[in-house]
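start_20.cif, holding mmCIF, C-alpha atoms:
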```cif
data_structure
#
loop_
_atom_site.label_atom_id
_atom_site.label_comp_id
_atom_site.auth_asym_id
_atom_site.auth_seq_id
_atom_site.Cartn_x
_atom_site.Cartn_y
_atom_site.Cartn_z
CA MET A 1 166.19 122.49 267.14
CA PRO A 2 163.57 122.70 269.95
CA ASP A 3 163.76 120.19 272.73
CA ASP A 4 160.93 117.71 272.21
CA SER A 5 160.80 116.62 275.84
CA LYS A 6 159.75 120.13 276.88
CA ILE A 7 157.04 120.43 274.20
CA ALA A 8 155.43 117.08 274.95
CA PRO A 9 155.62 115.12 278.20
CA SER A 10 157.83 112.05 277.91
CA ASP A 11 155.02 109.72 279.09
CA ASP A 12 152.92 110.70 276.08
CA PRO A 13 153.30 107.75 273.67
CA VAL A 14 152.91 109.93 270.56
CA ASN A 15 154.30 113.44 270.57
CA ARG A 16 153.42 116.11 268.03
CA ARG A 17 156.38 115.41 265.76
CA GLN A 18 155.69 111.68 265.65
CA PHE A 19 152.01 112.39 265.05
CA PHE A 20 152.71 114.53 262.02
CA LEU A 21 155.28 112.04 260.75
CA LYS A 22 152.73 109.23 260.94
CA LEU A 23 150.05 111.41 259.40
CA GLY A 24 152.39 112.31 256.52
CA LEU A 25 153.56 108.75 255.89
CA GLY A 26 150.02 107.44 256.16
CA SER A 27 148.76 109.99 253.61
CA LEU A 28 151.61 109.10 251.26
CA GLY A 29 150.74 105.43 251.63
CA ILE A 30 147.07 106.05 250.84
CA ALA A 31 148.05 108.23 247.88
CA ALA A 32 150.39 105.52 246.57
CA ALA A 33 147.71 102.83 246.90
CA GLY A 34 145.26 105.14 245.12
CA THR A 35 147.74 105.71 242.30
CA VAL A 36 148.13 101.96 241.81
CA ALA A 37 144.34 101.48 241.76
CA PHE A 38 143.83 104.36 239.30
CA ALA A 39 146.65 103.07 237.08
CA TYR A 40 145.13 99.59 236.96
CA GLN A 41 141.66 100.96 236.18
CA TYR A 42 143.10 103.14 233.45
CA LEU A 43 144.91 100.19 231.84
CA GLU A 44 141.71 98.12 231.74
CA PRO A 45 139.60 99.36 228.81
CA ASN A 46 135.91 99.95 229.54
CA VAL A 47 134.77 99.88 225.94
CA LEU A 48 136.14 97.45 223.39
CA TYR A 49 135.81 97.90 219.67
CA GLU A 50 136.00 94.19 219.10
CA PRO A 51 133.46 92.35 216.93
CA SER A 52 130.28 91.16 218.66
CA PRO A 53 130.45 87.63 220.07
CA VAL A 54 127.08 86.83 218.46
CA VAL A 55 127.38 85.97 214.77
CA ASN A 56 124.80 85.15 212.14
CA VAL A 57 126.02 82.17 210.08
CA GLY A 58 123.11 82.11 207.63
CA LYS A 59 120.48 79.64 206.53
CA PRO A 60 120.93 75.95 207.45
CA GLU A 61 120.65 75.02 203.76
CA ARG A 62 124.15 76.43 203.25
CA TYR A 63 125.60 73.50 205.11
CA ALA A 64 125.52 70.10 203.43
CA PRO A 65 124.65 67.06 205.60
CA ASN A 66 127.65 65.56 207.41
CA SER A 67 129.81 68.61 206.76
CA VAL A 68 132.20 70.69 208.84
CA THR A 69 132.51 74.33 207.77
CA LEU A 70 135.06 76.76 209.14
CA ASP A 71 134.02 80.41 209.32
CA VAL A 72 137.48 82.00 209.26
CA ASN A 73 136.32 85.51 210.15
CA SER A 74 134.51 84.53 213.32
CA GLY A 75 136.77 81.58 214.20
CA ILE A 76 134.04 78.94 214.57
CA TYR A 77 132.97 75.67 212.97
CA ILE A 78 129.40 75.00 211.89
CA ILE A 79 128.83 71.29 211.85
CA HIS A 80 125.85 69.64 210.22
CA SER A 81 125.70 66.18 211.75
CA GLN A 82 123.00 63.50 211.69
CA GLU A 83 121.76 64.70 215.09
CA GLY A 84 121.49 68.30 213.86
CA PHE A 85 123.55 71.49 213.77
CA PHE A 86 126.11 72.53 216.34
CA SER A 87 129.04 74.91 216.60
CA LEU A 88 132.57 74.55 217.90
CA THR A 89 135.17 77.21 218.51
CA ALA A 90 138.04 77.01 216.04
CA VAL A 91 140.46 78.52 218.57
CA CYS A 92 142.82 75.80 219.81
CA THR A 93 142.60 75.12 223.55
CA HIS A 94 146.38 74.80 223.70
CA LEU A 95 147.67 78.30 222.92
CA GLY A 96 144.97 80.04 220.94
CA CYS A 97 145.86 79.36 217.31
CA LEU A 98 143.15 79.05 214.66
CA THR A 99 142.58 75.40 213.77
CA THR A 100 141.42 74.07 210.42
CA TRP A 101 139.22 71.18 209.24
CA GLN A 102 141.03 68.54 207.22
CA PRO A 103 138.50 66.41 205.31
CA GLU A 104 141.18 63.90 204.16
CA ILE A 105 141.70 62.65 207.70
CA ASN A 106 138.29 63.71 209.05
CA MET A 107 139.88 65.78 211.77
CA ILE A 108 140.33 69.31 213.04
CA THR A 109 144.04 70.11 213.19
CA CYS A 110 146.05 72.97 214.64
CA PRO A 111 148.94 74.33 212.52
CA CYS A 112 150.91 75.67 215.50
CA HIS A 113 151.70 72.61 217.60
CA GLY A 114 149.92 69.74 215.85
CA SER A 115 146.91 69.13 218.10
CA LYS A 116 144.14 67.04 216.51
CA PHE A 117 140.44 66.96 217.39
CA ASN A 118 137.57 64.91 216.04
CA ARG A 119 134.37 66.40 214.64
CA ASP A 120 132.86 66.67 218.13
CA GLY A 121 135.85 68.63 219.44
CA VAL A 122 137.34 65.75 221.42
CA VAL A 123 141.15 65.77 221.63
CA VAL A 124 142.60 62.95 219.54
CA GLU A 125 146.25 63.90 219.62
CA GLY A 126 148.73 66.57 220.59
CA PRO A 127 149.37 69.07 223.32
CA ALA A 128 145.82 70.48 223.55
CA PRO A 129 144.73 69.95 227.18
CA LYS A 130 140.97 70.32 226.65
CA PRO A 131 138.40 69.56 223.95
CA LEU A 132 137.20 72.39 221.70
CA PRO A 133 134.22 73.89 223.52
CA TRP A 134 130.76 73.75 222.05
CA LEU A 135 129.17 77.14 221.50
CA LYS A 136 125.57 78.18 222.07
CA MET A 137 123.64 77.96 218.81
CA TRP A 138 120.03 78.79 218.00
CA MET A 139 117.80 79.69 215.11
CA ASN A 140 116.48 83.24 214.85
CA ASP A 141 113.02 84.27 213.66
CA ASP A 142 114.21 84.50 210.06
CA GLY A 143 115.32 80.87 210.12
CA GLU A 144 119.02 81.70 210.25
CA LEU A 145 121.54 80.02 212.50
CA MET A 146 123.03 82.20 215.25
CA VAL A 147 126.12 81.43 217.33
CA ASP A 148 127.19 83.10 220.58
CA ARG A 149 130.96 82.71 220.72
CA ALA A 150 131.09 83.85 224.34
CA THR A 151 128.74 81.16 225.71
CA LYS A 152 129.88 77.57 225.99
CA VAL A 153 127.47 74.69 226.25
CA ALA A 154 127.85 71.05 227.32
CA PRO A 155 129.18 68.93 224.45
CA GLU A 156 127.04 66.45 222.51
CA LYS A 157 123.80 67.56 224.19
CA GLU A 158 122.33 70.53 222.32
CA TYR A 159 121.69 70.20 218.63
CA VAL A 160 119.75 72.64 216.47
CA ARG A 161 117.36 70.99 214.02
CA ALA A 162 116.49 72.75 210.81
CA MET B 1 196.48 114.39 241.92
CA GLU B 2 196.83 114.60 238.18
CA ASN B 3 194.11 116.27 236.15
CA PRO B 4 194.67 115.34 232.53
CA GLY B 5 193.69 118.01 230.07
CA GLN B 6 193.35 120.76 232.60
CA ASP B 7 195.63 123.80 232.36
CA GLU B 8 195.49 124.34 236.10
CA PRO B 9 193.51 122.52 238.79
CA ASP B 10 189.83 123.58 238.76
CA GLY B 11 190.57 126.13 236.05
CA PRO B 12 188.69 126.47 232.78
CA ILE B 13 189.80 124.28 229.91
CA ARG B 14 190.92 126.46 227.00
CA ASN B 15 192.75 124.00 224.79
CA PRO B 16 190.19 121.95 222.76
CA LEU B 17 192.60 119.01 222.54
CA ALA B 18 193.04 119.11 226.29
CA ALA B 19 189.27 119.15 226.67
CA LEU B 20 189.07 116.05 224.53
CA ALA B 21 191.70 114.35 226.67
CA ARG B 22 189.77 115.35 229.79
CA TRP B 23 186.62 113.89 228.29
CA GLY B 24 188.53 110.68 227.61
CA ALA B 25 189.70 110.59 231.19
CA GLU B 26 186.14 111.08 232.42
CA LEU B 27 185.03 108.15 230.27
CA LYS B 28 187.75 106.00 231.77
CA HIS B 29 186.08 106.53 235.13
CA MET B 30 183.72 103.80 234.03
CA SER B 31 186.45 101.60 235.41
CA ARG B 32 188.49 102.23 238.52
CA ASP B 33 191.31 104.75 238.51
CA ARG B 34 193.64 101.80 238.72
CA VAL B 35 192.81 98.66 236.77
CA ARG B 36 194.79 95.45 236.68
CA GLU B 37 195.86 94.91 233.13
CA PRO B 38 194.68 91.29 232.87
CA GLN B 39 191.13 92.42 233.75
CA LEU B 40 191.02 94.32 230.48
CA GLY B 41 192.24 91.36 228.45
CA PHE B 42 189.92 89.60 226.06
CA ARG B 43 190.16 86.21 227.70
CA TYR B 44 188.67 87.33 231.02
CA THR B 45 185.41 88.81 229.79
CA TRP B 46 185.33 88.08 226.05
CA TYR B 47 184.11 91.74 226.04
CA LEU B 48 180.56 90.37 226.26
CA GLY B 49 179.16 93.27 228.27
CA ALA B 50 180.64 95.85 225.92
CA LEU B 51 179.42 93.91 222.88
CA THR B 52 175.89 93.74 224.33
CA LEU B 53 176.02 97.49 224.96
CA GLY B 54 177.16 97.89 221.35
CA THR B 55 174.15 95.99 219.99
CA PHE B 56 171.85 97.99 222.28
CA THR B 57 173.30 101.21 220.88
CA ILE B 58 172.59 99.92 217.36
CA GLN B 59 169.03 99.12 218.47
CA LEU B 60 168.51 102.63 219.83
CA THR B 61 169.86 104.29 216.69
CA THR B 62 168.13 102.13 214.10
CA GLY B 63 164.94 101.94 216.19
CA LEU B 64 164.72 105.72 216.39
CA LEU B 65 165.09 105.95 212.60
CA LEU B 66 162.51 103.22 211.97
CA MET B 67 160.04 105.13 214.15
CA LEU B 68 160.01 107.91 211.54
CA TYR B 69 158.21 105.68 209.02
CA TYR B 70 156.25 103.27 211.21
CA HIS B 71 152.67 103.91 212.40
CA PRO B 72 151.47 101.57 215.14
CA SER B 73 147.96 101.09 213.75
CA ILE B 74 146.33 98.09 212.09
CA PRO B 75 145.71 99.60 208.64
CA GLN B 76 149.26 100.95 208.42
CA ALA B 77 151.69 98.78 210.38
CA TYR B 78 152.13 95.99 207.85
CA ALA B 79 152.27 98.37 204.88
CA ASP B 80 154.81 100.57 206.69
CA MET B 81 157.02 97.55 207.31
CA LYS B 82 156.78 96.64 203.60
CA ASN B 83 157.52 100.26 202.69
CA LEU B 84 160.61 100.26 204.86
CA GLN B 85 161.71 97.02 203.26
CA PHE B 86 161.16 97.98 199.59
CA VAL B 87 160.55 101.70 199.15
CA VAL B 88 162.36 103.82 201.74
CA SER B 89 166.02 104.51 200.88
CA SER B 90 168.25 102.38 203.12
CA GLY B 91 165.07 101.18 204.87
CA PHE B 92 165.92 97.60 203.99
CA PHE B 93 169.34 98.01 205.59
CA LEU B 94 168.07 99.73 208.74
CA ARG B 95 165.22 97.32 209.36
CA ASN B 96 167.42 94.27 208.93
CA LEU B 97 170.15 95.79 211.04
CA HIS B 98 167.54 96.33 213.78
CA ARG B 99 166.29 92.78 213.40
CA TRP B 100 169.65 91.00 213.32
CA SER B 101 171.16 93.18 216.00
CA ALA B 102 168.16 92.28 218.18
CA GLN B 103 168.90 88.59 217.71
CA ALA B 104 172.57 89.23 218.48
CA MET B 105 171.68 91.21 221.60
CA VAL B 106 169.55 88.39 223.03
CA LEU B 107 172.31 85.90 222.27
CA LEU B 108 175.10 88.10 223.67
CA VAL B 109 173.26 89.03 226.85
CA PHE B 110 172.57 85.34 227.45
CA ILE B 111 176.21 84.32 226.90
CA HIS B 112 177.23 87.25 229.12
CA MET B 113 175.00 85.86 231.87
CA ALA B 114 176.38 82.32 231.40
CA LYS B 115 179.96 83.60 231.43
CA VAL B 116 179.43 85.55 234.66
CA PHE B 117 177.76 82.52 236.18
CA TYR B 118 180.44 79.97 235.28
CA ARG B 119 183.22 82.39 236.28
CA GLY B 120 181.56 82.79 239.67
CA ALA B 121 181.64 86.53 239.11
CA PHE B 122 178.22 86.90 240.76
CA ARG B 123 179.69 86.28 244.23
CA PRO B 124 179.99 89.08 246.81
CA PRO B 125 180.50 91.95 246.45
CA ARG B 126 178.91 91.67 243.02
CA GLU B 127 175.60 90.04 244.02
CA LEU B 128 173.51 93.19 243.52
CA ASN B 129 174.98 93.62 240.05
CA TRP B 130 174.03 90.02 239.28
CA VAL B 131 170.40 90.86 240.11
CA VAL B 132 170.55 94.05 238.03
CA GLY B 133 172.06 92.04 235.16
CA SER B 134 169.38 89.35 235.40
CA THR B 135 166.71 92.06 235.25
CA LEU B 136 168.42 93.45 232.15
CA LEU B 137 168.28 89.97 230.58
CA LEU B 138 164.56 89.83 231.32
CA LEU B 139 164.00 93.31 229.87
CA THR B 140 165.95 92.33 226.75
CA LEU B 141 163.66 89.34 226.26
CA LEU B 142 160.61 91.58 226.76
CA LEU B 143 161.99 94.04 224.21
CA SER B 144 162.46 91.19 221.78
CA TYR B 145 158.94 89.92 222.43
CA THR B 146 157.19 93.30 222.13
CA GLY B 147 159.11 94.11 218.94
CA TYR B 148 157.95 90.82 217.44
CA LEU B 149 154.34 92.04 217.12
CA LEU B 150 155.10 95.31 215.37
CA PRO B 151 155.48 94.08 211.73
CA TRP B 152 151.87 92.86 212.12
CA ASP B 153 152.29 89.87 209.81
CA GLN B 154 151.06 86.29 210.31
CA THR B 155 154.12 85.17 212.27
CA SER B 156 153.97 88.07 214.68
CA TYR B 157 150.18 87.90 215.12
CA TRP B 158 150.16 84.19 215.98
CA GLY B 159 153.42 84.40 217.91
CA VAL B 160 151.92 86.99 220.23
CA THR B 161 148.58 85.13 220.37
CA VAL B 162 150.48 82.07 221.61
CA GLY B 163 152.68 84.11 223.97
CA SER B 164 149.77 85.91 225.57
CA SER B 165 147.91 82.60 225.96
CA ILE B 166 150.90 81.28 227.90
CA MET B 167 150.60 84.35 230.12
CA ALA B 168 146.90 83.64 230.65
CA SER B 169 147.79 80.30 232.23
CA VAL B 170 149.27 82.08 235.27
CA PRO B 171 147.09 80.98 238.23
CA ILE B 172 144.23 83.31 239.25
CA ILE B 173 145.49 86.58 237.73
CA GLY B 174 146.52 85.12 234.34
CA GLU B 175 143.38 86.07 232.39
CA LYS B 176 143.36 89.59 233.87
CA LEU B 177 147.06 89.98 233.12
CA ARG B 178 146.54 89.12 229.47
CA PHE B 179 143.50 91.41 229.24
CA VAL B 180 145.46 94.37 230.61
CA LEU B 181 148.55 93.68 228.47
CA LEU B 182 146.56 93.31 225.26
CA GLY B 183 143.96 95.93 226.18
CA GLY B 184 141.30 93.48 225.00
CA ASN B 185 140.37 89.83 224.60
CA THR B 186 142.32 89.23 221.42
CA VAL B 187 145.49 90.55 219.79
CA ASN B 188 144.04 93.68 218.26
CA ALA B 189 144.49 97.44 217.72
CA ASN B 190 144.95 98.10 221.45
CA ALA B 191 147.53 95.32 221.75
CA LEU B 192 149.54 96.71 218.83
CA LEU B 193 149.59 100.19 220.38
CA ARG B 194 150.46 98.90 223.85
CA PHE B 195 153.28 96.73 222.52
CA TYR B 196 154.57 99.72 220.55
CA VAL B 197 154.63 101.99 223.61
CA LEU B 198 156.33 99.26 225.65
CA HIS B 199 158.83 98.53 222.88
CA ALA B 200 159.72 102.10 221.95
CA VAL B 201 159.41 103.98 225.25
CA ILE B 202 158.94 102.13 228.53
CA LEU B 203 161.32 99.20 228.06
CA PRO B 204 164.21 101.12 226.43
CA LEU B 205 164.11 103.78 229.15
CA SER B 206 164.13 101.08 231.83
CA VAL B 207 167.07 99.38 230.13
CA ILE B 208 169.02 102.66 229.91
CA ALA B 209 168.42 103.36 233.61
CA LEU B 210 169.47 99.84 234.62
CA ILE B 211 172.57 99.93 232.41
CA GLY B 212 173.55 103.06 234.34
CA ILE B 213 173.17 101.24 237.64
CA HIS B 214 174.96 98.20 236.18
CA MET B 215 178.00 100.31 235.20
CA TRP B 216 178.02 102.23 238.47
CA ARG B 217 177.98 98.99 240.50
CA LEU B 218 180.69 97.53 238.27
CA HIS B 219 182.83 100.53 239.20
CA GLN B 220 181.91 100.34 242.89
CA ASP B 221 182.50 96.58 243.17
CA GLY B 222 186.08 96.79 241.94
CA GLY B 223 185.73 96.61 238.18
CA MET B 224 185.69 93.50 236.06
CA TYR B 225 186.05 90.24 237.91
CA SER B 226 189.12 88.12 237.35
CA PRO B 227 190.35 85.07 239.25
CA ASP B 228 193.61 86.96 239.93
CA SER B 229 191.74 89.59 241.91
CA ASP B 230 190.34 86.75 244.03
CA LYS B 231 193.89 85.70 244.86
CA SER B 232 195.04 89.18 245.74
CA GLU B 233 191.94 89.72 247.91
CA LYS B 234 192.78 86.54 249.79
CA THR B 235 196.43 87.45 250.37
CA GLU B 236 195.42 90.92 251.54
CA SER B 237 193.07 89.60 254.21
#
```

So, in terms of structure tokens, how does the structure I just supplied come out?
Amino acid sequence: MPDDSKIAPSDDPVNRRQFFLKLGLGSLGIAAAGTVAFAYQYLEPNVLYEPSPVVNVGKPERYAPNSVTLDVNSGIYIIHSQEGFFSLTAVCTHLGCLTTWQPEINMITCPCHGSKFNRDGVVVEGPAPKPLPWLKMWMNDDGELMVDRATKVAPEKEYVRA
Amino acid sequence: MENPGQDEPDGPIRNPLAALARWGAELKHMSRDRVREPQLGFRYTWYLGALTLGTFTIQLTTGLLLMLYYHPSIPQAYADMKNLQFVVSSGFFLRNLHRWSAQAMVLLVFIHMAKVFYRGAFRPPRELNWVVGSTLLLLTLLLSYTGYLLPWDQTSYWGVTVGSSIMASVPIIGEKLRFVLLGGNTVNANALLRFYVLHAVILPLSVIALIGIHMWRLHQDGGMYSPDSDKSEKTES
């Protein structure tokens, strides 16, 4: 093994061997960080084949006055109240189960852990920490009700009138 | 030094029976070359580690066989599970063996942990093995959880919906964590495939590797713990 002190002066803070060691370790570190970043990006899908968040729930005439209708496929309620139409998510705010409307007790109930909500989504009972969010609803040019499941609106403010 | 089953030291083994004996001796190296008899008795360990390993072996065998009929895709998963249950010869037996052995494994690994804890067997020099064992407990629970989704029935769908919602409540990174685990916003085709890969490849391989380390440390740390070995260690020092 060559004597390092003869190759590089001892007052030099970084000799050649240390330089290459640091260069090597640094490159490995950068490569490792890059691998983690690439792995994370790979695991996060860029395109999802999930259904569109915007759903067409049909003509307002389908919904009788003072009724709550669950659309099972899209997981939303369409409520025809005296103030007008509005939509609630049917996905429980506790742990994501699909709730159901129970006309006998006039309440929305969750089968998983027993949360109860009133017609306006307000928590009446159970472990649910938050009210059911109101979803953006509007009427399209053909006079059909549209709901955007990805956009929440302030409760008890926006009603759609037929 | 004695070399059981070997005709001469370092020589080739010609006698098949001797080879078998040699193999047996190699297996015994899981424990120390000298083991105190009480350590091997039922009352010290209740054989919990060995029983857990036994259930894991059943899981590997039955799981491998179930993989031959199961497709991890939404149109097929539920039907394949039903097929295994009602159509495939012995499918009913294998699937239920996998299911019940999984329950037993979770239970056994938990009792194993409790036993080690209440015995104080986690104390030095066995503290690293305690950490390895705790990781194995965690991996067992993850195996159980990922396997839960695969039948793709109502229970498993909502069970995993609830479980992943719990994960989403982790501060700051929770939502991202769920998105990456499920490969989407809801429990869907991507989630089924990801859970399958975790359940059938990543987690079992991790468990096998950690069991290896667990056994090696057991050997290095002086074999099974018993209160008697505590006494003898004290008198020696």

Exercise for the section: Evaluate the PyMOL selection byres ((chain B) within 7 of (chain A)) and record the selected residues as a ChimeraX atom specification, following the chain and residue labels used in the document. Expected result: /B:158,161-162,165-166,180,183-184

Requested write-out: C-alpha atoms of the selected residues, as a PDB file, keeping the file's coordinate frame:
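Saved as part_36.pdb:
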```
ATOM      1  CA  TRP B 158     150.160  84.190 215.980  1.00  0.00           C
ATOM      2  CA  THR B 161     148.580  85.130 220.370  1.00  0.00           C
ATOM      3  CA  VAL B 162     150.480  82.070 221.610  1.00  0.00           C
ATOM      4  CA  SER B 165     147.910  82.600 225.960  1.00  0.00           C
ATOM      5  CA  ILE B 166     150.900  81.280 227.900  1.00  0.00           C
ATOM      6  CA  VAL B 180     145.460  94.370 230.610  1.00  0.00           C
ATOM      7  CA  GLY B 183     143.960  95.930 226.180  1.00  0.00           C
ATOM      8  CA  GLY B 184     141.300  93.480 225.000  1.00  0.00           C
TER       9      GLY B 184
END
```

Fill in the blank from the handout: A straight line from atom CA of B:Phe42 to atom CA of B:Thr61 spans 26.6 Å

Handout entry: atom CA of A:Gln82 to atom CA of A:Pro111, distance in Å rounded to a single decimal
Key = 28.1 Å

Exercise for the section: Might you spell out which residues the PyMOL selection byres ((chain A and resi 83-85) around 7) would select in the displayed file, as a list in words? Expected result: Ile79, His80, Ser81, Gln82, Phe86, Tyr159, Val160 and Arg161 of chain A

Exercise for the section: I would like the residues chosen by the PyMOL selection byres ((chain A and resi 60-69) around 10) on the shown file; could you give them as a ChimeraX atom specification? Expected result: /A:57-59,70-72,76-88,100-103,106-108,119,139,143-145,160-162

Next, write the just-selected residues to a file, as a JSON list (two decimals), in the frame of the given file, keeping C-alpha atoms as the atom set.
```
[["chain", "number", "residue", "atom", "x", "y", "z"],
["A", 57, "VAL", "CA", 126.02, 82.17, 210.08],
["A", 58, "GLY", "CA", 123.11, 82.11, 207.63],
["A", 59, "LYS", "CA", 120.48, 79.64, 206.53],
["A", 70, "LEU", "CA", 135.06, 76.76, 209.14],
["A", 71, "ASP", "CA", 134.02, 80.41, 209.32],
["A", 72, "VAL", "CA", 137.48, 82.00, 209.26],
["A", 76, "ILE", "CA", 134.04, 78.94, 214.57],
["A", 77, "TYR", "CA", 132.97, 75.67, 212.97],
["A", 78, "ILE", "CA", 129.40, 75.00, 211.89],
["A", 79, "ILE", "CA", 128.83, 71.29, 211.85],
["A", 80, "HIS", "CA", 125.85, 69.64, 210.22],
["A", 81, "SER", "CA", 125.70, 66.18, 211.75],
["A", 82, "GLN", "CA", 123.00, 63.50, 211.69],
["A", 83, "GLU", "CA", 121.76, 64.70, 215.09],
["A", 84, "GLY", "CA", 121.49, 68.30, 213.86],
["A", 85, "PHE", "CA", 123.55, 71.49, 213.77],
["A", 86, "PHE", "CA", 126.11, 72.53, 216.34],
["A", 87, "SER", "CA", 129.04, 74.91, 216.60],
["A", 88, "LEU", "CA", 132.57, 74.55, 217.90],
["A", 100, "THR", "CA", 141.42, 74.07, 210.42],
["A", 101, "TRP", "CA", 139.22, 71.18, 209.24],
["A", 102, "GLN", "CA", 141.03, 68.54, 207.22],
["A", 103, "PRO", "CA", 138.50, 66.41, 205.31],
["A", 106, "ASN", "CA", 138.29, 63.71, 209.05],
["A", 107, "MET", "CA", 139.88, 65.78, 211.77],
["A", 108, "ILE", "CA", 140.33, 69.31, 213.04],
["A", 119, "ARG", "CA", 134.37, 66.40, 214.64],
["A", 139, "MET", "CA", 117.80, 79.69, 215.11],
["A", 143, "GLY", "CA", 115.32, 80.87, 210.12],
["A", 144, "GLU", "CA", 119.02, 81.70, 210.25],
["A", 145, "LEU", "CA", 121.54, 80.02, 212.50],
["A", 160, "VAL", "CA", 119.75, 72.64, 216.47],
["A", 161, "ARG", "CA", 117.36, 70.99, 214.02],
["A", 162, "ALA", "CA", 116.49, 72.75, 210.81]]
```

Practice task
Write out as a ChimeraX atom specification the residues lying within 9 Å of B:Val187, counting all atoms listed in the file and excluding same-chain residues fewer than 5 positions away.
Solution key: /B:157-158,160-161,164,182,192

Exercise for the section: For stretch 202-215 of chain B, list every protein, DNA or RNA residue within 8 Å, evaluated using all atoms listed in the file, and leave out those in the same chain fewer than 4 positions away; present the list as a list in words. Expected result: Met30, Asn129, Val132, Gly133, Leu136, Leu139, Thr140, Leu142, Leu143, Val197, Leu198 and His219 of chain B

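One finds atom CA of B:Leu84 at 18.2 Å from atom CA of B:His199.
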
Exercise for the section: Select, counting all atoms listed in the file, all protein, DNA and RNA residues no farther than 8 Å from (145.2, 67.0, 213.2) in file coordinates, and express the selection as a PyMOL selection string. Expected result: chain A and resi 102+105+107-110+114-117+124-125

Could stretch 76-92 of chain A be completed with N, CA and C atoms and written as a PDB file, in the frame of the given file, please?
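Dumped to rebuild_8.pdb:
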```pdb
ATOM      1  N   ILE A  76     134.887  80.041 214.067  1.00  0.00           N
ATOM      2  CA  ILE A  76     134.040  78.940 214.570  1.00  0.00           C
ATOM      3  C   ILE A  76     133.794  77.913 213.472  1.00  0.00           C
ATOM      4  N   TYR A  77     133.420  76.697 213.902  1.00  0.00           N
ATOM      5  CA  TYR A  77     132.970  75.670 212.970  1.00  0.00           C
ATOM      6  C   TYR A  77     131.464  75.560 213.056  1.00  0.00           C
ATOM      7  N   ILE A  78     130.817  75.342 211.909  1.00  0.00           N
ATOM      8  CA  ILE A  78     129.400  75.000 211.890  1.00  0.00           C
ATOM      9  C   ILE A  78     129.339  73.575 211.368  1.00  0.00           C
ATOM     10  N   ILE A  79     128.819  72.695 212.201  1.00  0.00           N
ATOM     11  CA  ILE A  79     128.830  71.290 211.850  1.00  0.00           C
ATOM     12  C   ILE A  79     127.398  70.804 211.656  1.00  0.00           C
ATOM     13  N   HIS A  80     127.164  70.217 210.512  1.00  0.00           N
ATOM     14  CA  HIS A  80     125.850  69.640 210.220  1.00  0.00           C
ATOM     15  C   HIS A  80     125.985  68.127 210.363  1.00  0.00           C
ATOM     16  N   SER A  81     125.556  67.611 211.510  1.00  0.00           N
ATOM     17  CA  SER A  81     125.700  66.180 211.750  1.00  0.00           C
ATOM     18  C   SER A  81     124.329  65.514 211.617  1.00  0.00           C
ATOM     19  N   GLN A  82     124.288  64.209 211.798  1.00  0.00           N
ATOM     20  CA  GLN A  82     123.000  63.500 211.690  1.00  0.00           C
ATOM     21  C   GLN A  82     122.049  63.926 212.799  1.00  0.00           C
ATOM     22  N   GLU A  83     122.611  64.279 213.975  1.00  0.00           N
ATOM     23  CA  GLU A  83     121.760  64.700 215.090  1.00  0.00           C
ATOM     24  C   GLU A  83     121.235  66.119 214.903  1.00  0.00           C
ATOM     25  N   GLY A  84     121.914  66.919 214.089  1.00  0.00           N
ATOM     26  CA  GLY A  84     121.490  68.300 213.860  1.00  0.00           C
ATOM     27  C   GLY A  84     122.707  69.213 213.734  1.00  0.00           C
ATOM     28  N   PHE A  85     122.463  70.515 213.889  1.00  0.00           N
ATOM     29  CA  PHE A  85     123.550  71.490 213.770  1.00  0.00           C
ATOM     30  C   PHE A  85     124.170  71.782 215.132  1.00  0.00           C
ATOM     31  N   PHE A  86     125.468  71.995 215.138  1.00  0.00           N
ATOM     32  CA  PHE A  86     126.110  72.530 216.340  1.00  0.00           C
ATOM     33  C   PHE A  86     127.350  73.312 215.929  1.00  0.00           C
ATOM     34  N   SER A  87     127.893  74.051 216.913  1.00  0.00           N
ATOM     35  CA  SER A  87     129.040  74.910 216.600  1.00  0.00           C
ATOM     36  C   SER A  87     130.162  74.695 217.606  1.00  0.00           C
ATOM     37  N   LEU A  88     131.375  74.685 217.059  1.00  0.00           N
ATOM     38  CA  LEU A  88     132.570  74.550 217.900  1.00  0.00           C
ATOM     39  C   LEU A  88     133.425  75.794 217.716  1.00  0.00           C
ATOM     40  N   THR A  89     134.198  76.155 218.732  1.00  0.00           N
ATOM     41  CA  THR A  89     135.170  77.210 218.510  1.00  0.00           C
ATOM     42  C   THR A  89     136.313  76.636 217.681  1.00  0.00           C
ATOM     43  N   ALA A  90     136.909  77.472 216.829  1.00  0.00           N
ATOM     44  CA  ALA A  90     138.040  77.010 216.040  1.00  0.00           C
ATOM     45  C   ALA A  90     139.363  77.421 216.689  1.00  0.00           C
ATOM     46  N   VAL A  91     139.259  78.057 217.874  1.00  0.00           N
ATOM     47  CA  VAL A  91     140.460  78.520 218.570  1.00  0.00           C
ATOM     48  C   VAL A  91     140.994  77.370 219.422  1.00  0.00           C
ATOM     49  N   CYS A  92     142.218  76.954 219.132  1.00  0.00           N
ATOM     50  CA  CYS A  92     142.820  75.800 219.810  1.00  0.00           C
ATOM     51  C   CYS A  92     142.888  76.034 221.310  1.00  0.00           C
TER      52      CYS A  92
END
```
